[in-house]
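Written out below as structure tokens is the structure these notes cover.
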Amino acid sequence: MTDSIKIQGWCPTAWQPMRAQDGWMVRVRPQCASLSAAQWRVLADLARTHAHPQIELTRLGNVQLRGVSEAQLGGVRAQLIAAGLVPEDADADLAPAVHCTPLYRRNDATQALAQLLARAAVQRLSPQALARRGLAPLPSKFGLLVDDPARRMQAMGADLQLWVGADQGYGLALADSTQAYRFAHAEQAVDAAVEIAAWFAAERTTLAPAPTRLRALLAHGAPQLAALQTAPLIAAYASGGAVLAPGLHSDHGRIIGAPLGRIAAAAMHELAMQLPADAEIRVTPWRSLLLACDAVVALDAAQWITAADDVRLRVSACTGAPRCAQGHAPAQTLALSLAAQVPPHTHLHVSGCAKLCALSADATALLVARLDAGGAPRLALGRADQRQAADTPISWLAASDAPANIKKLLHDLYL
């Protein structure tokens with residue numbers, strides 16, 4: 001089969017949006033994974049009036065608007081700034097992303113660590129801050145993570161991972177290393193993370209092509225920094241705690257899922273209106289929201305996933321056709337039509353092209369749209385751990401038969 005795909009070179013923000021087939025993509029990075037109900041109302045209103053009437057949740061815990069027109073781009077950004085959703089200047093918005101677990105208690109050590117790291121990223125790792133040190137900006141895909149003690153967020157694949165340990169020490173792991181550095185104080189861990197990021201910004205330019213992720217540079221040698229020489233090494237293995245499924249969780253609150261990570265703007269507005277303006281609604285990396293409050297809300301089952309056994313949790317999909325210029329099939333529609341036929345403990349990811357955008361870490365099977373030698377779209381099924389679709393495709397022209405056949409085909413993958 002033949003295919004031609006284009007890899008975008010950056011992750012969009014509000015100050016550096018990305019152009020897609022259906023308009024501009026504008027991304028908001030929640031602070032400490034949290035937005036207030038009032039801020040969600042703003043996002044919902046913007047989606048209804050200036051973008052596609054959906055809000056997207058990314059697998060990195062970001063929030064995204066799609067389909068913003070060129071004429072509306074400046075106005076959308078201004079409203080996001082006014083709502084406190086986006087920094088007032090581009091330099092702060094282009095600092096490396098600091099992702100945060102939503103599983104913390106307000107004002108606890110984990111939130112304090114995330115806030116400290118976020119301030120340091122803006123003050124010391126933004127494009128202007130690095131330029132003052134004679135360094136080029138960090139790649140937009142470079143990310144930092146503050147994890148919860150059980151380290152449930154490891155699948156996010158952050159370049160630098162920090163967390164508060166059970167002994168109240170602070171761990172710092174580089175990429176996917178099985179070892180971590182331990183620090184007694186949050187400031188020490190954050191300083192070390194900043195210096196590693198700056199080391200990466202300097203050293204990556206010595207290679208061609210310059211790597212965009214830390215793990216690729218570590219293959220050529222580890223950083224020799226004073227902050228790391230005195231820090232003891234500890235095992236970075238963790239239980240990786242189970243993903244929190246939709247439902248009530250006594251230690252954290254109520255989790256509600258969004259089918260395929262897409263929330264209808266009207267449904268989001270209705271939810272936010274049921275809560276006090278300052279109520280927290282946190283974003284998880286599992287395409288769901290955490291209601292960190294005790295309020296009882298009414299939810300439309302067609303719009304939200306409220307139970308752990310909902311079959312829609314068994315599928316994920318990229319944007320697909322027609323909104324993506326590279327999509328050969330309407331991936332989202334197809335994924336939802338297949339959900340009821342996906343067996344328990346199986347996760348099917350449907351991709352509109354071979355780029356495998358939005359691939360979930362828990363995917364076990366892939367259904368990928370490709371072009372055959374004649375330029376016709378075909379669907380090919382394969383195992384996710386092989387990252388390649390099977391050689392025998394399902395004809396897209398007969399895709400209406402896929403729901404009836406997908407269960408057997410998925411079963412056959414693992415024989």
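Order determines the names: the first chain of the structure tokens is A, the second B, and so forth; residues in each chain are numbered 1 upward, and ligands are numbered 1 upward as they are shown.
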
Next on the checklist: When you look at Ala198 (chain A) with a cut-off of 12 Å (counting only C-alpha atoms), what residues show up, excluding the ones that are within fewer than 3 positions of it in the same chain? I need them as a count of residues only.
Outcome noted: 32

Region 211-306 of chain A residues near region 329-338 of chain A within 10 Å, closest pair each, using only C-alpha atoms, as CSV:
```
residue,atom,partner,partner_atom,distance
A:Pro259,CA,A:Leu336,CA,8.4
A:Leu260,CA,A:Gln332,CA,7.3
A:Arg262,CA,A:Gln332,CA,9.8
```

Output as CSV one row per residue of region 128-217 of chain A within 10 Å of region 110-118 of chain A: the closest atom pair and its distance in Å to one decimal place, counting only C-alpha atoms, sorted by chain and residue number ascending.
```
residue,atom,partner,partner_atom,distance
A:Leu144,CA,A:Leu117,CA,8.6
A:Leu145,CA,A:Ala114,CA,8.1
A:Val146,CA,A:Ala114,CA,5.8
A:Asp147,CA,A:Thr110,CA,7.8
A:Asp148,CA,A:Thr110,CA,7.0
A:Pro149,CA,A:Thr110,CA,8.5
A:Leu162,CA,A:Leu113,CA,8.4
A:Trp163,CA,A:Thr110,CA,6.9
A:Val164,CA,A:Thr110,CA,6.1
A:Gly165,CA,A:Thr110,CA,9.5
A:Tyr170,CA,A:Leu113,CA,9.1
A:His185,CA,A:Leu113,CA,9.7
A:Ala186,CA,A:Leu113,CA,6.2
A:Glu187,CA,A:Leu116,CA,7.8
A:Ala189,CA,A:Leu117,CA,9.0
A:Val190,CA,A:Leu117,CA,5.8
A:Asp191,CA,A:Leu117,CA,8.7
A:Ala193,CA,A:Leu117,CA,8.5
A:Val194,CA,A:Leu117,CA,8.5
```

Checklist entry - Could you write out, as an MDAnalysis selection string, all the residues of region 297-401 of chain A that DSSP marks as strand (DSSP E or B)? => result chainID A and resid 305 315:317 348:351 365:371 377:383 393:395

For the residues in the current selection, export N, CA and C atoms as an mmCIF file, in the first residue's frame.
```cif
data_model
loop_
_atom_site.group_PDB
_atom_site.id
_atom_site.type_symbol
_atom_site.label_atom_id
_atom_site.label_comp_id
_atom_site.auth_asym_id
_atom_site.auth_seq_id
_atom_site.Cartn_x
_atom_site.Cartn_y
_atom_site.Cartn_z
ATOM 1 N N ILE A 305 -19.674 9.817 29.635
ATOM 2 C CA ILE A 305 -19.467 8.437 30.066
ATOM 3 C C ILE A 305 -19.364 8.450 31.586
ATOM 4 N N VAL A 315 -12.714 2.339 22.665
ATOM 5 C CA VAL A 315 -12.256 2.861 21.379
ATOM 6 C C VAL A 315 -11.685 4.264 21.544
ATOM 7 N N SER A 316 -10.792 4.602 20.647
ATOM 8 C CA SER A 316 -10.288 5.964 20.517
ATOM 9 C C SER A 316 -10.086 6.228 19.037
ATOM 10 N N ALA A 317 -9.918 7.488 18.673
ATOM 11 C CA ALA A 317 -9.781 7.818 17.251
ATOM 12 C C ALA A 317 -9.138 9.180 17.097
ATOM 13 N N LEU A 348 -9.439 -0.533 20.876
ATOM 14 C CA LEU A 348 -9.227 -0.342 19.443
ATOM 15 C C LEU A 348 -9.034 1.137 19.135
ATOM 16 N N HIS A 349 -7.920 1.459 18.492
ATOM 17 C CA HIS A 349 -7.692 2.828 18.041
ATOM 18 C C HIS A 349 -7.891 2.891 16.533
ATOM 19 N N VAL A 350 -8.723 3.828 16.099
ATOM 20 C CA VAL A 350 -9.003 4.002 14.676
ATOM 21 C C VAL A 350 -8.273 5.251 14.193
ATOM 22 N N SER A 351 -7.460 5.080 13.175
ATOM 23 C CA SER A 351 -6.658 6.194 12.656
ATOM 24 C C SER A 351 -6.996 6.448 11.195
ATOM 25 N N ALA A 365 -5.167 -2.699 19.710
ATOM 26 C CA ALA A 365 -5.368 -2.984 18.290
ATOM 27 C C ALA A 365 -5.519 -1.672 17.523
ATOM 28 N N LEU A 366 -5.124 -1.704 16.267
ATOM 29 C CA LEU A 366 -5.197 -0.525 15.398
ATOM 30 C C LEU A 366 -6.019 -0.842 14.160
ATOM 31 N N LEU A 367 -6.872 0.084 13.788
ATOM 32 C CA LEU A 367 -7.580 0.017 12.512
ATOM 33 C C LEU A 367 -7.174 1.278 11.754
ATOM 34 N N VAL A 368 -6.401 1.107 10.710
ATOM 35 C CA VAL A 368 -5.747 2.232 10.043
ATOM 36 C C VAL A 368 -6.227 2.354 8.609
ATOM 37 N N ALA A 369 -6.583 3.565 8.220
ATOM 38 C CA ALA A 369 -6.953 3.828 6.833
ATOM 39 C C ALA A 369 -5.688 4.140 6.035
ATOM 40 N N ARG A 370 -5.524 3.424 4.948
ATOM 41 C CA ARG A 370 -4.381 3.621 4.070
ATOM 42 C C ARG A 370 -4.870 3.704 2.629
ATOM 43 N N LEU A 371 -4.004 4.160 1.746
ATOM 44 C CA LEU A 371 -4.324 4.179 0.324
ATOM 45 C C LEU A 371 -3.623 3.016 -0.360
ATOM 46 N N PRO A 377 -8.952 4.209 -0.620
ATOM 47 C CA PRO A 377 -8.758 3.974 0.812
ATOM 48 C C PRO A 377 -9.125 2.555 1.206
ATOM 49 N N ARG A 378 -8.321 1.991 2.084
ATOM 50 C CA ARG A 378 -8.568 0.662 2.631
ATOM 51 C C ARG A 378 -8.342 0.720 4.141
ATOM 52 N N LEU A 379 -9.049 -0.132 4.871
ATOM 53 C CA LEU A 379 -8.858 -0.228 6.312
ATOM 54 C C LEU A 379 -8.071 -1.486 6.614
ATOM 55 N N ALA A 380 -7.024 -1.354 7.394
ATOM 56 C CA ALA A 380 -6.194 -2.503 7.745
ATOM 57 C C ALA A 380 -6.140 -2.638 9.259
ATOM 58 N N LEU A 381 -6.260 -3.852 9.738
ATOM 59 C CA LEU A 381 -6.294 -4.134 11.162
ATOM 60 C C LEU A 381 -4.979 -4.755 11.607
ATOM 61 N N GLY A 382 -4.462 -4.303 12.738
ATOM 62 C CA GLY A 382 -3.214 -4.853 13.240
ATOM 63 C C GLY A 382 -3.107 -4.691 14.742
ATOM 64 N N ARG A 383 -2.099 -5.305 15.320
ATOM 65 C CA ARG A 383 -1.857 -5.192 16.757
ATOM 66 C C ARG A 383 -1.144 -3.882 17.057
ATOM 67 N N PRO A 393 -6.338 -6.004 4.282
ATOM 68 C CA PRO A 393 -7.214 -4.910 4.701
ATOM 69 C C PRO A 393 -8.691 -5.260 4.591
ATOM 70 N N ILE A 394 -9.501 -4.498 5.305
ATOM 71 C CA ILE A 394 -10.941 -4.526 5.112
ATOM 72 C C ILE A 394 -11.250 -3.416 4.118
ATOM 73 N N SER A 395 -11.904 -3.722 3.042
ATOM 74 C CA SER A 395 -12.202 -2.697 2.053
ATOM 75 C C SER A 395 -13.060 -1.609 2.664
#
```

Checklist entry - Using the chain letters and numbers from this document, which residues of region 213-328 of chain A does DSSP assign to alpha helix (DSSP H), as a PyMOL selection string? => result chain A and resi 214-218+226-229+265-273

Item to check | Surrounding residues of Leu313 (chain A) excluding itself and chain neighbours under 5 positions, 10 Å, only C-alpha atoms, as a VMD selection string | outcome: chain A and resid 245 to 246 257 to 261 286 to 287 305 307 to 308 336 339 342 344 346 to 348

Go ahead and write the selection's residues with C-alpha atoms as a PDB file, in the first residue's frame.
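Generated file (selection.pdb):
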```pdb
ATOM      1  CA  ALA A 245     -12.249   4.938  35.186  1.00  0.00           C
ATOM      2  CA  PRO A 246     -15.466   6.972  35.175  1.00  0.00           C
ATOM      3  CA  GLY A 257     -15.532  10.509  30.455  1.00  0.00           C
ATOM      4  CA  ALA A 258     -15.924  12.239  27.118  1.00  0.00           C
ATOM      5  CA  PRO A 259     -16.547   9.890  24.169  1.00  0.00           C
ATOM      6  CA  LEU A 260     -13.352   9.902  22.070  1.00  0.00           C
ATOM      7  CA  GLY A 261     -12.210  12.885  24.137  1.00  0.00           C
ATOM      8  CA  TRP A 286      -7.477   9.689  30.036  1.00  0.00           C
ATOM      9  CA  ARG A 287      -9.835  11.882  28.006  1.00  0.00           C
ATOM     10  CA  ILE A 305     -19.467   8.437  30.066  1.00  0.00           C
ATOM     11  CA  ALA A 307     -19.764   4.094  34.133  1.00  0.00           C
ATOM     12  CA  ALA A 308     -16.567   2.058  33.924  1.00  0.00           C
ATOM     13  CA  LEU A 336     -18.148   4.756  17.737  1.00  0.00           C
ATOM     14  CA  ALA A 339     -17.396   0.204  20.069  1.00  0.00           C
ATOM     15  CA  VAL A 342     -14.900  -4.519  20.796  1.00  0.00           C
ATOM     16  CA  PRO A 344     -13.758  -6.304  27.095  1.00  0.00           C
ATOM     17  CA  THR A 346      -9.443  -4.687  24.369  1.00  0.00           C
ATOM     18  CA  HIS A 347      -8.886  -1.148  23.136  1.00  0.00           C
ATOM     19  CA  LEU A 348      -9.227  -0.342  19.443  1.00  0.00           C
TER      20      LEU A 348
END
```

Next on the checklist: Can you pull out the residues contacting region 43-53 of chain A? Cut-off 9 Å, using only C-alpha atoms, and skip same-chain residues under 6 positions away; I want them as a PyMOL selection string.
Outcome noted: chain A and resi 22-24+65-69+72-73+76+79-80+263-269

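Straight-line separation from CA of Lys408 (chain A) to CA of Ala340 (chain A): 12.9 Å.
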
Checklist entry - What is the CA of Gln31 (chain A)-CA of Ala92 (chain A) distance in Å, reported with one decimal? => result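 Computed distance, CA of Gln31 (chain A) to CA of Ala92 (chain A), equals 12.7 Å.
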
Item to check | Atom pair CA of Leu299 (chain A) / CA of Gly247 (chain A): separation (Å) | outcome: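 That distance, rounded to one decimal, is 12.4 Å.
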
Residues near Ala292 (chain A), cut-off 7 Å, only C-alpha atoms, skip fewer than 4 positions along chain, as a compact mmCIF listing (two decimals) with C-alpha atoms, in the first residue's frame:
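Final output, part_2.txt:
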```
# COMPACT_ATOMS: atom_id res chain seq x y z
CA HIS A 252 -10.38 12.24 44.45
CA GLY A 253 -13.94 12.97 43.34
CA ARG A 254 -16.10 11.97 40.39
CA GLU A 280 -12.78 22.96 39.99
CA ILE A 281 -13.15 20.70 36.96
```

Item to check | Residue among A:Ser177, A:Gln188, A:Gln39, A:Gln274 lying closest to Ala236 (chain A), counting only C-alpha atoms | outcome: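 Among A:Ser177, A:Gln188, A:Gln39, A:Gln274, it is A:Ser177 that comes nearest to Ala236 (chain A).
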
Checklist entry - Which one of A:Leu103, A:Ala78, A:Ala180, A:Ile196 sits closest to Leu291 (chain A) if you count only C-alpha atoms? => result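 Comparing A:Leu103, A:Ala78, A:Ala180, A:Ile196 against Leu291 (chain A), the winner is A:Leu103.
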